[in-house]
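What's in my_file.txt: compact mmCIF, C-alpha atoms and all ligand atoms
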```
# COMPACT_ATOMS: atom_id res chain seq x y z
CA MET X 453 105.63 78.37 86.77
CA GLU X 454 109.11 77.32 85.68
CA SER X 455 110.79 80.55 84.77
CA SER X 456 114.43 79.63 84.83
CA SER X 457 114.57 78.23 81.31
CA ALA X 458 116.31 80.67 79.00
CA SER X 459 114.45 79.34 76.00
CA LEU X 460 111.10 80.42 77.39
CA GLU X 461 109.36 82.70 74.95
CA LEU X 462 106.32 84.95 74.83
CA ASN X 463 104.52 82.40 72.67
CA ASP X 464 104.86 79.78 75.41
CA VAL X 465 102.75 81.88 77.74
CA GLY X 466 99.95 82.81 75.34
CA TRP X 467 101.22 85.84 73.39
CA LYS X 468 98.89 87.00 70.58
CA PRO X 469 99.17 89.49 67.69
CA VAL X 470 96.67 91.77 69.46
CA PHE X 471 99.32 92.39 72.13
CA GLN X 472 102.17 92.68 69.64
CA HIS X 473 100.27 95.53 67.92
CA GLN X 474 100.21 97.54 71.13
CA LEU X 475 103.99 97.59 71.53
CA ALA X 476 104.40 100.35 68.93
CA GLU X 477 102.98 102.87 71.42
CA PHE X 478 105.73 102.30 73.98
CA PRO X 479 109.49 102.96 74.16
CA GLU X 480 111.38 100.24 72.35
CA GLN X 481 113.54 99.19 75.31
CA LEU X 482 110.53 98.02 77.35
CA ARG X 483 110.08 94.25 77.29
CA PRO X 484 106.75 92.41 77.52
CA ALA X 485 106.11 89.56 79.95
CA ARG X 486 103.07 87.90 81.46
CA ILE X 487 102.00 87.94 85.08
CA VAL X 488 101.86 84.31 86.15
CA GLU X 489 101.42 84.89 89.90
CA VAL X 490 100.53 87.77 92.19
CA GLN X 491 101.94 87.85 95.70
CA ARG X 492 101.28 90.37 98.43
CA SER X 493 104.35 92.42 97.64
CA GLY X 494 105.05 91.68 94.04
CA LEU X 495 104.47 89.83 90.82
CA THR X 496 106.01 86.83 89.14
CA ILE X 497 106.41 87.25 85.41
CA SER X 498 107.25 84.94 82.55
CA PRO X 499 109.38 84.93 80.52
CA PRO X 500 111.91 86.57 82.83
CA VAL X 501 113.29 89.94 81.74
CA ASP X 502 117.07 90.09 82.01
CA GLY X 503 117.00 87.05 84.27
CA ARG X 504 114.48 88.61 86.62
CA SER X 505 111.10 87.01 87.18
CA GLU X 506 110.07 88.92 90.31
CA VAL X 507 108.71 92.43 89.90
CA VAL X 508 107.70 94.91 92.57
CA ILE X 509 104.35 96.64 91.99
CA ALA X 510 104.94 100.38 91.82
CA GLY X 511 102.81 102.45 94.22
CA LYS X 512 101.16 104.30 91.34
CA PHE X 513 99.17 101.19 90.45
CA PHE X 514 97.53 101.20 93.88
CA ILE X 515 96.15 104.70 93.69
CA GLN X 516 94.47 103.89 90.38
CA GLU X 517 91.06 102.30 90.06
CA VAL X 518 90.95 98.61 90.98
CA GLU X 519 90.50 97.61 87.36
CA ALA X 520 93.71 99.33 86.31
CA ARG X 521 95.80 97.25 88.72
CA PRO X 522 97.82 94.37 87.32
CA THR X 523 96.40 90.89 87.81
CA VAL X 524 97.22 87.32 86.82
CA GLY X 525 97.21 86.91 83.05
CA ASP X 526 98.05 90.54 82.35
CA TRP X 527 100.77 91.41 79.86
CA VAL X 528 103.06 94.03 81.34
CA LEU X 529 106.03 96.03 80.07
CA ILE X 530 109.23 95.89 82.07
CA ASP X 531 112.16 98.28 81.96
CA PRO X 532 115.15 95.90 81.74
CA ALA X 533 117.48 98.49 83.27
CA SER X 534 115.56 98.95 86.52
CA GLY X 535 113.38 95.84 86.51
CA ALA X 536 110.36 98.06 87.14
CA MET X 537 106.96 97.48 85.61
CA GLN X 538 106.04 100.45 83.45
CA ALA X 539 102.68 99.58 81.91
CA VAL X 540 99.87 97.06 81.63
CA LEU X 541 98.84 96.27 78.05
CA GLU X 542 95.19 96.64 77.10
CA ARG X 543 93.32 93.47 77.97
CA ILE X 544 91.20 91.34 75.68
CA SER X 545 89.13 90.10 78.64
CA LEU X 546 88.80 90.46 82.39
CA ILE X 547 87.16 88.19 84.97
CA LYS X 548 86.11 90.00 88.14
CA ARG X 549 83.75 89.51 91.03
CA LEU X 550 82.57 91.32 94.10
CA SER X 551 84.70 90.11 97.02
CA PRO X 552 83.00 89.15 100.31
CA SER X 553 84.14 92.54 101.66
CA GLY X 554 82.23 94.34 98.92
CA ASP X 555 85.11 95.44 96.69
CA VAL X 556 85.60 94.61 93.04
CA GLN X 557 88.24 91.89 92.85
CA LEU X 558 90.11 90.99 89.69
CA ILE X 559 90.39 87.26 89.06
CA ALA X 560 92.22 87.03 85.74
CA ALA X 561 92.98 88.94 82.56
CA ASN X 562 93.32 87.92 78.92
CA ILE X 563 91.47 84.62 79.23
CA ASP X 564 90.00 82.96 76.12
CA THR X 565 88.13 80.04 77.64
CA ALA X 566 86.82 79.44 81.17
CA PHE X 567 86.34 75.91 82.45
CA ILE X 568 83.58 76.27 85.01
CA VAL X 569 84.20 73.19 87.12
CA THR X 570 81.62 71.36 89.20
CA SER X 571 81.32 67.74 90.36
CA CYS X 572 78.70 65.05 89.91
CA ASN X 573 77.77 65.06 93.60
CA SER X 574 76.08 67.26 96.21
CA GLU X 575 78.32 70.18 95.24
CA PHE X 576 76.45 70.54 91.92
CA ASN X 577 74.27 73.65 91.87
CA LEU X 578 72.67 75.24 88.80
CA ALA X 579 72.29 78.69 90.38
CA ARG X 580 75.99 78.81 91.21
CA LEU X 581 76.88 77.79 87.65
CA GLU X 582 74.65 80.58 86.33
CA ARG X 583 76.65 83.08 88.38
CA TYR X 584 79.95 81.98 86.87
CA LEU X 585 78.40 81.85 83.40
CA SER X 586 77.06 85.41 83.65
CA VAL X 587 80.47 86.77 84.59
CA VAL X 588 82.31 84.76 81.95
CA LEU X 589 79.84 85.68 79.18
CA ASP X 590 79.97 89.32 80.26
CA ALA X 591 83.73 89.23 79.68
CA ASP X 592 83.26 87.74 76.18
CA ILE X 593 85.02 84.57 77.28
CA GLN X 594 83.99 81.14 75.94
CA PRO X 595 82.52 79.14 78.82
CA VAL X 596 82.73 75.35 79.13
CA VAL X 597 80.95 73.61 82.01
CA VAL X 598 83.21 70.78 83.16
CA LEU X 599 81.57 68.07 85.26
CA THR X 600 84.19 66.11 87.21
CA LYS X 601 84.00 62.86 89.18
CA VAL X 602 81.81 61.05 86.64
CA ASP X 603 83.63 57.92 87.84
CA THR X 604 82.21 58.20 91.37
CA ALA X 605 78.60 59.04 90.44
CA ASP X 606 75.86 56.45 89.99
CA ASP X 607 73.81 58.81 87.88
CA ALA X 608 76.33 61.03 86.06
CA GLN X 609 73.88 61.39 83.17
CA SER X 610 71.36 63.23 85.35
CA TYR X 611 74.00 65.88 86.14
CA ILE X 612 74.90 66.15 82.47
CA ASP X 613 71.22 66.56 81.57
CA GLN X 614 70.78 69.31 84.17
CA ALA X 615 73.91 71.14 83.00
CA ARG X 616 72.62 71.03 79.42
CA THR X 617 69.62 73.16 80.48
CA LEU X 618 71.96 76.07 81.26
CA GLY X 619 71.94 77.31 77.69
CA ALA X 620 72.11 76.00 74.17
CA HIS X 621 75.45 77.76 73.61
CA VAL X 622 77.12 76.43 76.77
CA PRO X 623 79.19 73.31 76.05
CA VAL X 624 79.14 70.63 78.77
CA GLU X 625 81.97 68.10 79.19
CA ALA X 626 81.88 65.29 81.75
CA VAL X 627 85.23 63.83 82.83
CA ASN X 628 87.23 61.88 85.32
CA ALA X 629 89.82 64.56 86.05
CA LEU X 630 92.32 61.99 87.30
CA LYS X 631 92.56 60.30 83.90
CA ALA X 632 94.87 62.39 81.72
CA ASN X 633 94.18 60.17 78.71
CA GLU X 634 90.43 60.84 78.89
CA LEU X 635 90.61 64.62 78.67
CA ASP X 636 90.75 65.02 74.89
CA ALA X 637 87.48 66.96 74.92
CA LEU X 638 89.09 69.58 77.17
CA ALA X 639 92.44 69.55 75.41
CA GLY X 640 90.54 70.70 72.32
CA TRP X 641 90.06 74.12 73.91
CA CYS X 642 93.76 74.41 74.70
CA GLY X 643 96.57 75.17 72.27
CA PRO X 644 99.10 77.81 71.23
CA GLY X 645 97.99 81.33 72.13
CA GLN X 646 95.06 80.05 74.21
CA SER X 647 94.59 80.95 77.86
CA ILE X 648 92.23 78.85 79.98
CA ALA X 649 90.94 79.75 83.44
CA LEU X 650 89.51 77.28 85.96
CA LEU X 651 86.67 78.52 88.13
CA GLY X 652 84.67 76.65 90.73
CA SER X 653 84.23 75.74 94.38
CA SER X 654 86.88 74.13 96.52
CA GLY X 655 87.33 70.41 95.98
CA VAL X 656 85.76 70.11 92.52
CA GLY X 657 89.08 69.09 90.96
CA LYS X 658 90.52 72.26 89.42
CA SER X 659 94.10 71.49 90.43
CA THR X 660 93.58 67.84 89.50
CA LEU X 661 92.66 69.01 85.99
CA VAL X 662 95.74 71.24 85.85
CA ASN X 663 97.96 68.29 86.74
CA SER X 664 96.31 65.96 84.25
CA LEU X 665 96.37 68.50 81.42
CA CYS X 666 99.97 69.53 82.18
CA GLY X 667 101.04 65.89 82.28
CA GLU X 668 102.82 66.33 85.61
CA SER X 669 102.02 67.16 89.20
CA VAL X 670 102.48 70.94 89.35
CA GLN X 671 99.68 71.68 91.83
CA HIS X 672 98.91 70.23 95.24
CA THR X 673 95.54 68.47 95.60
CA GLN X 674 93.67 67.11 98.61
CA THR X 675 90.71 64.84 99.27
CA VAL X 676 87.32 66.40 99.97
CA ARG X 677 85.36 65.96 103.19
CA GLY X 678 83.49 62.67 103.19
CA ASP X 679 80.27 63.98 104.72
CA ASP X 680 79.37 66.81 102.34
CA ASP X 681 81.77 66.67 99.36
CA LYS X 682 83.20 70.07 100.32
CA GLY X 683 86.85 70.83 99.58
CA ARG X 684 89.52 72.00 102.02
CA HIS X 685 90.66 75.15 100.17
CA THR X 686 93.90 73.51 99.14
CA THR X 687 94.95 76.04 96.48
CA THR X 688 95.58 79.40 98.12
CA HIS X 689 96.63 81.67 95.26
CA ARG X 690 96.14 81.99 91.52
CA SER X 691 98.85 80.82 89.15
CA LEU X 692 99.34 80.23 85.43
CA HIS X 693 100.80 76.99 84.12
CA MET X 694 102.10 76.12 80.69
CA LEU X 695 100.34 73.34 78.81
CA PRO X 696 102.33 70.83 76.77
CA GLN X 697 100.18 71.45 73.68
CA GLY X 698 100.74 75.23 73.97
CA GLY X 699 98.88 77.95 75.82
CA VAL X 700 98.41 78.31 79.56
CA ILE X 701 95.94 77.29 82.26
CA LEU X 702 95.11 79.30 85.35
CA ASP X 703 94.47 77.49 88.62
CA SER X 704 92.62 79.45 91.27
CA PRO X 705 91.50 78.89 94.87
CA GLY X 706 87.97 77.56 95.27
CA MET X 707 85.61 80.45 95.79
CA ARG X 708 83.01 80.30 98.56
CA GLU X 709 80.91 82.97 96.97
CA PHE X 710 80.95 84.29 93.50
CA GLN X 711 79.04 87.54 93.60
CA LEU X 712 78.53 89.49 90.42
CA ALA X 713 80.27 92.80 89.89
CA ASP X 714 78.88 94.61 86.82
CA ALA X 715 77.75 91.80 84.53
CA GLU X 716 74.48 93.02 83.04
CA GLU X 717 75.36 91.97 79.51
CA GLY X 718 76.46 88.57 80.75
CA VAL X 719 73.15 87.97 82.51
CA GLY X 720 71.41 89.10 79.32
CA ALA X 721 73.53 86.75 77.21
CA LEU X 722 72.88 83.75 79.46
CA PHE X 723 69.14 84.38 79.55
CA GLU X 724 68.90 85.57 75.97
CA ASP X 725 65.79 83.40 75.39
CA ILE X 726 63.93 85.14 78.24
CA GLU X 727 64.97 88.61 77.02
CA GLN X 728 63.76 87.74 73.53
CA LEU X 729 60.42 86.54 74.88
CA GLY X 730 60.19 89.77 76.86
CA GLU X 731 60.25 91.77 73.65
CA GLN X 732 56.98 90.10 72.66
CA CYS X 733 55.13 91.10 75.86
CA ARG X 734 52.23 93.53 75.39
CA PHE X 735 53.77 96.15 77.69
CA ASN X 736 57.29 97.48 77.14
CA ASP X 737 57.92 97.56 80.88
CA CYS X 738 56.33 94.17 81.58
CA GLY X 739 57.54 92.68 84.87
CA HIS X 740 56.60 89.17 83.66
CA ASP X 741 54.42 88.74 86.70
CA THR X 742 50.64 89.15 86.38
CA GLU X 743 50.51 91.54 83.41
CA PRO X 744 48.14 90.59 80.59
CA GLY X 745 49.75 89.58 77.31
CA CYS X 746 53.01 88.48 78.95
CA ALA X 747 54.96 86.26 76.55
CA VAL X 748 57.29 85.09 79.33
CA ARG X 749 54.44 83.82 81.54
CA ALA X 750 52.89 82.21 78.49
CA ALA X 751 56.13 80.32 77.88
CA ILE X 752 56.14 79.16 81.52
CA ASP X 753 52.53 78.00 81.23
CA SER X 754 53.21 76.08 78.03
CA GLY X 755 56.29 74.43 79.56
CA ALA X 756 58.65 76.01 77.02
CA LEU X 757 60.40 77.97 79.79
CA ASP X 758 61.51 76.64 83.15
CA GLU X 759 60.21 78.54 86.20
CA ARG X 760 63.56 78.00 87.96
CA ARG X 761 65.45 79.76 85.17
CA LEU X 762 63.12 82.73 85.27
CA ALA X 763 63.58 83.06 89.05
CA SER X 764 67.34 82.81 88.58
CA TYR X 765 67.26 85.50 85.88
CA PHE X 766 65.36 87.90 88.16
CA LYS X 767 67.67 87.20 91.07
CA LEU X 768 70.87 87.80 89.11
CA LEU X 769 69.50 90.96 87.50
CA ARG X 770 68.56 92.38 90.91
CA GLU X 771 71.90 91.43 92.40
CA GLU X 772 73.77 92.94 89.48
CA GLN X 773 71.87 96.22 89.75
CA PHE X 774 72.40 96.40 93.50
CA THR X 775 76.12 95.69 93.17
CA ARG X 776 76.56 98.25 90.44
CA ALA X 777 74.90 100.93 92.54
CA THR X 778 77.00 100.03 95.61
CA VAL X 779 80.26 100.03 93.66
CA ALA X 780 79.40 103.37 92.02
CA GLU X 781 78.64 104.87 95.43
CA ARG X 782 81.90 103.60 96.93
CA HIS X 783 83.75 104.91 93.95
CA ALA X 784 82.22 108.37 94.30
CA ARG X 785 83.03 108.38 98.01
CA SER X 786 86.69 107.46 97.49
CA ARG X 787 86.97 110.08 94.77
CA GLU X 788 85.55 112.68 97.13
CA PHE X 789 88.03 111.55 99.78
CA GLY X 790 90.91 111.84 97.28
CA LYS X 791 89.84 115.38 96.41
CA ARG X 792 89.76 116.34 100.08
CA VAL X 793 93.22 114.88 100.66
CA LYS X 794 94.54 116.86 97.71
CA ALA X 795 92.88 120.05 98.90
CA ALA X 796 94.25 119.56 102.42
CA MET X 797 97.74 118.97 101.06
CA ALA X 798 97.52 122.08 98.87
CA GLY X 799 96.43 124.03 101.95
CA SER X 800 99.35 122.81 104.05
CA HIS X 801 101.80 123.68 101.25
CA LYS X 802 100.42 127.21 101.19
CA LYS X 803 100.96 127.59 104.92
CA ARG X 804 104.58 126.53 104.55
CA ASP X 805 105.28 129.13 101.84
N1 LIG X 901 87.45 60.10 91.52
C1 LIG X 901 87.71 61.36 91.17
N2 LIG X 901 88.32 62.18 92.04
C2 LIG X 901 88.56 63.43 91.66
C3 LIG X 901 88.20 63.93 90.37
N3 LIG X 901 88.57 65.22 90.30
C4 LIG X 901 89.14 65.54 91.47
N4 LIG X 901 89.14 64.47 92.31
C5 LIG X 901 89.63 64.43 93.69
O1 LIG X 901 88.97 65.47 94.41
C6 LIG X 901 89.84 66.01 95.41
C7 LIG X 901 89.91 67.51 95.28
O2 LIG X 901 90.57 67.85 94.08
P1 LIG X 901 91.42 69.19 93.92
O3 LIG X 901 91.98 69.15 92.54
O4 LIG X 901 92.35 69.38 95.04
O5 LIG X 901 90.25 70.28 94.00
P2 LIG X 901 90.37 71.88 93.75
O6 LIG X 901 89.19 72.25 92.94
O7 LIG X 901 91.68 72.23 93.23
O8 LIG X 901 90.17 72.44 95.23
P3 LIG X 901 90.74 73.82 95.89
O9 LIG X 901 92.16 73.94 95.55
O10 LIG X 901 90.49 73.64 97.34
O11 LIG X 901 89.88 74.92 95.29
C8 LIG X 901 91.18 65.29 95.21
O12 LIG X 901 91.24 64.24 96.14
C9 LIG X 901 91.11 64.74 93.81
O13 LIG X 901 91.87 63.58 93.63
C10 LIG X 901 87.55 63.00 89.47
O14 LIG X 901 87.15 63.36 88.34
N5 LIG X 901 87.33 61.75 89.92
MG MG X 902 93.16 73.45 93.92
ZN ZN X 903 56.18 89.86 80.27
```
Re-express the file's structure as structure tokens.
Amino acid sequence: MESSSASLELNDVGWKPVFQHQLAEFPEQLRPARIVEVQRSGLTISPPVDGRSEVVIAGKFFIQEVEARPTVGDWVLIDPASGAMQAVLERISLIKRLSPSGDVQLIAANIDTAFIVTSCNSEFNLARLERYLSVVLDADIQPVVVLTKVDTADDAQSYIDQARTLGAHVPVEAVNALKANELDALAGWCGPGQSIALLGSSGVGKSTLVNSLCGESVQHTQTVRGDDDKGRHTTTHRSLHMLPQGGVILDSPGMREFQLADAEEGVGALFEDIEQLGEQCRFNDCGHDTEPGCAVRAAIDSGALDERRLASYFKLLREEQFTRATVAERHARSREFGKRVKAAMAGSHKKRD
């Protein structure tokens, strides 16, 4: 993001009263700024504090739990004298997933609306969309399913129809991402104080949308493979960009897998209809399988509920439970390790005395 302009203000990068209210708890000299990029060794913030837009992450943030570490979209407080980051303000939302290596990975903080991007071609996959939706709903973020490449599809309407089955409260917008003047439907979600995140596989047109919505080419894009519509992982790190109508948009690398971290409430919110049916089953602990008096099976039999959605609901619930147990176990193990390190250090101090 352009950070050299002296006129850049907090409002330009999505500042809200909810963050302003938190400032009272901190020393007055600390200055707020937003993390617009995270590099291996440091952070890029905007607006710059005392001319500085690069901040080193203090070691103390690495010994804390993963969720306490600063991520893109976070509002942080900087000491103008030293340039050091002193605190991360309380977030209004957090998008996270389980990384392929099994750790919780933070994707973005303080997002209002997530554009879950998919294309009208062989990349389209309802189960994948349900994964993103569960995570986004769990974080209390407004989801919008954005179908790109309507201009290249013979049967765009069939993709739109499928996407509309994802949930009554999930808006679906179909666009040609290359046409900036046809993106009014998306621009409606943007505006002062609004932060948008783009999520989706490689090649679906996330960076293309950023460029069209920003009105200039700020992100590199690249054609997809002709044989299977797969992208080439063009974007390699997450970054926030200012929108001309106010607010910011976060571009992120295409994700190969989007595994749920804890997202139980999100799964429940996405499949609210199934959970409501479940309350009408004869048995409280009905597994919606072969039990008599099962309202969920009855809905399947009558055609009111789609068998695919039920299977998806079960799969995501199981995955979520498994992940939660694994993360809790890892957490306990690292805590135990920390205790042992501390004890060993205390022991070695004693010997020195
Ligand atoms: N015709 C058409 N092409 C599009 C559309 N959206 C994106 N593209 C093209 O699809 C290709 C991939 O777009 P990108 O914006 O690079 O995709 P991305 O989602 O950012 O991909 P990664 O950065 O790899 O995650 C580019 O060649 C775009 O021009 C669209 O709506 N219509
Ligand atoms: Mg990209
Ligand atoms: Zn049942």
Let me see if you get this right: every residue at most 6 Å from ligand ZN 903 (chain X), counting all atoms listed in the file, written as a list in words.
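Those residues are Gly730, Cys733, Cys738, Gly739, His740, Cys746, Ala747 and Val748 of chain X.
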Please report the interatomic distance between atom C10 of ligand LIG 901 (chain X) and atom CA of X:Leu618 in Å with one decimal.
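That distance, rounded to one decimal, is 21.9 Å.
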Identify the residues around (98.6, 88.2, 80.1) within a radius of 6 Å, measuring from only C-alpha atoms in the coordinates stated by the file, and give them as an NGL selection string.
:X and (486 or 525-527 or 562)
Can you work out which one of X:Ser610, X:Ser505, X:Gln697, X:Thr565 has the shortest atom-to-atom distance to X:Cys666, counting only C-alpha atoms?
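Ranking X:Ser610, X:Ser505, X:Gln697, X:Thr565 by distance to X:Cys666, first place goes to X:Gln697.
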Give me, as number ranges by chain, all polymer residues having an atom no more than 10 Å from stretch 772-776 of chain X, counting all atoms listed in the file and skipping those fewer than 2 positions away in the same chain.
X: 550, 554-556, 711-716, 719, 766-770, 778-782
Using only C-alpha atoms and all ligand atoms, I'd like a table of the residues in chain X that come within 10 Å of ligand LIG 901 (chain X); for each, show the closest atom pair and its distance in Å rounded to one decimal, ordered by chain and ascending number, as a tab-separated table.
```
residue	atom	partner	partner_atom	distance
X:Val569	CA	X:LIG901	O6	7.7
X:Thr570	CA	X:LIG901	O6	8.5
X:Ser571	CA	X:LIG901	O14	7.6
X:Cys572	CA	X:LIG901	O14	8.8
X:Val598	CA	X:LIG901	O14	9.9
X:Leu599	CA	X:LIG901	O14	7.9
X:Thr600	CA	X:LIG901	O14	4.2
X:Lys601	CA	X:LIG901	O14	3.3
X:Val602	CA	X:LIG901	O14	6.1
X:Asp603	CA	X:LIG901	N5	5.7
X:Thr604	CA	X:LIG901	N1	5.6
X:Ala605	CA	X:LIG901	N1	9.0
X:Ala626	CA	X:LIG901	O14	8.7
X:Val627	CA	X:LIG901	O14	5.9
X:Asn628	CA	X:LIG901	O14	3.4
X:Ala629	CA	X:LIG901	O14	3.7
X:Leu630	CA	X:LIG901	C10	5.3
X:Lys631	CA	X:LIG901	O14	7.6
X:Leu650	CA	X:LIG901	O6	8.6
X:Leu651	CA	X:LIG901	O6	8.3
X:Gly652	CA	X:LIG901	O6	6.7
X:Ser653	CA	X:LIG901	O11	5.8
X:Ser654	CA	X:LIG901	O11	3.3
X:Gly655	CA	X:LIG901	O5	3.5
X:Val656	CA	X:LIG901	O6	4.1
X:Gly657	CA	X:LIG901	O3	3.3
X:Lys658	CA	X:LIG901	O6	3.8
X:Ser659	CA	X:LIG901	O7	3.8
X:Thr660	CA	X:LIG901	O3	3.7
X:Leu661	CA	X:LIG901	O3	6.6
X:Val662	CA	X:LIG901	O3	8.0
X:Asn663	CA	X:LIG901	O3	8.4
X:Ser664	CA	X:LIG901	N3	9.9
X:Gln671	CA	X:LIG901	O3	8.1
X:His672	CA	X:LIG901	O4	6.6
X:Thr673	CA	X:LIG901	O4	3.4
X:Gln674	CA	X:LIG901	O4	4.4
X:Thr675	CA	X:LIG901	O12	3.2
X:Val676	CA	X:LIG901	C6	5.2
X:Arg677	CA	X:LIG901	C6	9.0
X:Asp681	CA	X:LIG901	O1	8.8
X:Lys682	CA	X:LIG901	O10	8.6
X:Gly683	CA	X:LIG901	O10	5.1
X:Arg684	CA	X:LIG901	O10	5.1
X:His685	CA	X:LIG901	O10	3.2
X:Thr686	CA	X:LIG901	O10	3.9
X:Thr687	CA	X:LIG901	O9	3.6
X:Thr688	CA	X:LIG901	O9	6.9
X:His689	CA	X:LIG901	O9	8.9
X:Arg690	CA	X:LIG901	O9	9.8
X:Asp703	CA	X:LIG901	O7	7.5
X:Ser704	CA	X:LIG901	O11	6.6
X:Pro705	CA	X:LIG901	O11	4.3
X:Gly706	CA	X:LIG901	O11	3.3
X:Met707	CA	X:LIG901	O11	7.0
X:Arg708	CA	X:LIG901	O11	9.3
```
Hey, can you check how far atom CA of X:Pro499 sits from atom CA of X:Ile544?
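Answer for the atom CA of X:Pro499 to atom CA of X:Ile544 separation: 19.9 Å.
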Nearest to X:Gln614 among X:Ile648, X:Gln481, X:Ser534, X:Arg761, with distances taken over only C-alpha atoms: which residue is it?
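Among X:Ile648, X:Gln481, X:Ser534, X:Arg761, it is X:Arg761 that comes nearest to X:Gln614.
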Have a look at X:Ala750, X:Met694, X:Ile547, X:Val488 and name the one nearest to X:Glu506; count only C-alpha atoms.
X:Val488
How many Å lie between atom CA of X:Val465 and atom CA of X:Arg483, rounded to one decimal?
14.4 Å
Which residue gives the smallest distance to X:Arg583 among X:Pro595, X:Gly494, X:Pro479, X:Gly667, with all atoms listed in the file counted?
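Checking each candidate against X:Arg583, we get X:Pro595 as the closest.
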Leaving out X:Glu759 and any residue of its chain fewer than 3 positions from it, which residues lie within 12 Å of it when counting all atoms listed in the file, given as a list in words?
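Close residues of X:Glu759: Ile726, His740, Asp741, Val748, Arg749, Ala750, Ala751, Ile752, Asp753, Ser754, Gly755, Ala756, Leu762, Ala763, Ser764, Tyr765 and Phe766 of chain X.
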So which one's closest to ligand MG 902 (chain X), X:Ser498, X:Gln557, X:Gln728, X:Ser669? Using all atoms listed in the file, please.
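Nearest to ligand MG 902 (chain X): X:Ser669.
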Would you please work out which residue, of X:Ser586, X:Ser647, X:Ser545, X:Ser691, is nearest to ligand MG 902 (chain X) when using only C-alpha atoms and all ligand atoms?
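Checking each of X:Ser586, X:Ser647, X:Ser545, X:Ser691 against ligand MG 902 (chain X), counting only C-alpha atoms and all ligand atoms, the winner is X:Ser691.
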Could you put an axis-aligned box around every listed atom of stretch 562-576 of chain X, padded by 8 Å on each side, and send me its centre and edge lengths in Å to one decimal, as lines of an AutoDock Vina configuration file?
```
center_x = 84.7
center_y = 76.5
center_z = 86.2
size_x = 33.2
size_y = 38.9
size_z = 36.1
```
Determine, counting all atoms listed in the file, every residue of protein, DNA or RNA that lies within 7 Å of (76.9, 87.2, 77.6) in the file coordinates, then give the result as a count of residues only.
10
At a cut-off of 12 Å, using only C-alpha atoms, what residues contact X:Val501? Leave out same-chain residues fewer than 6 positions from it and give the result as a PyMOL selection string.
chain X and resi 455-458+460-462+481-487+507+528-537
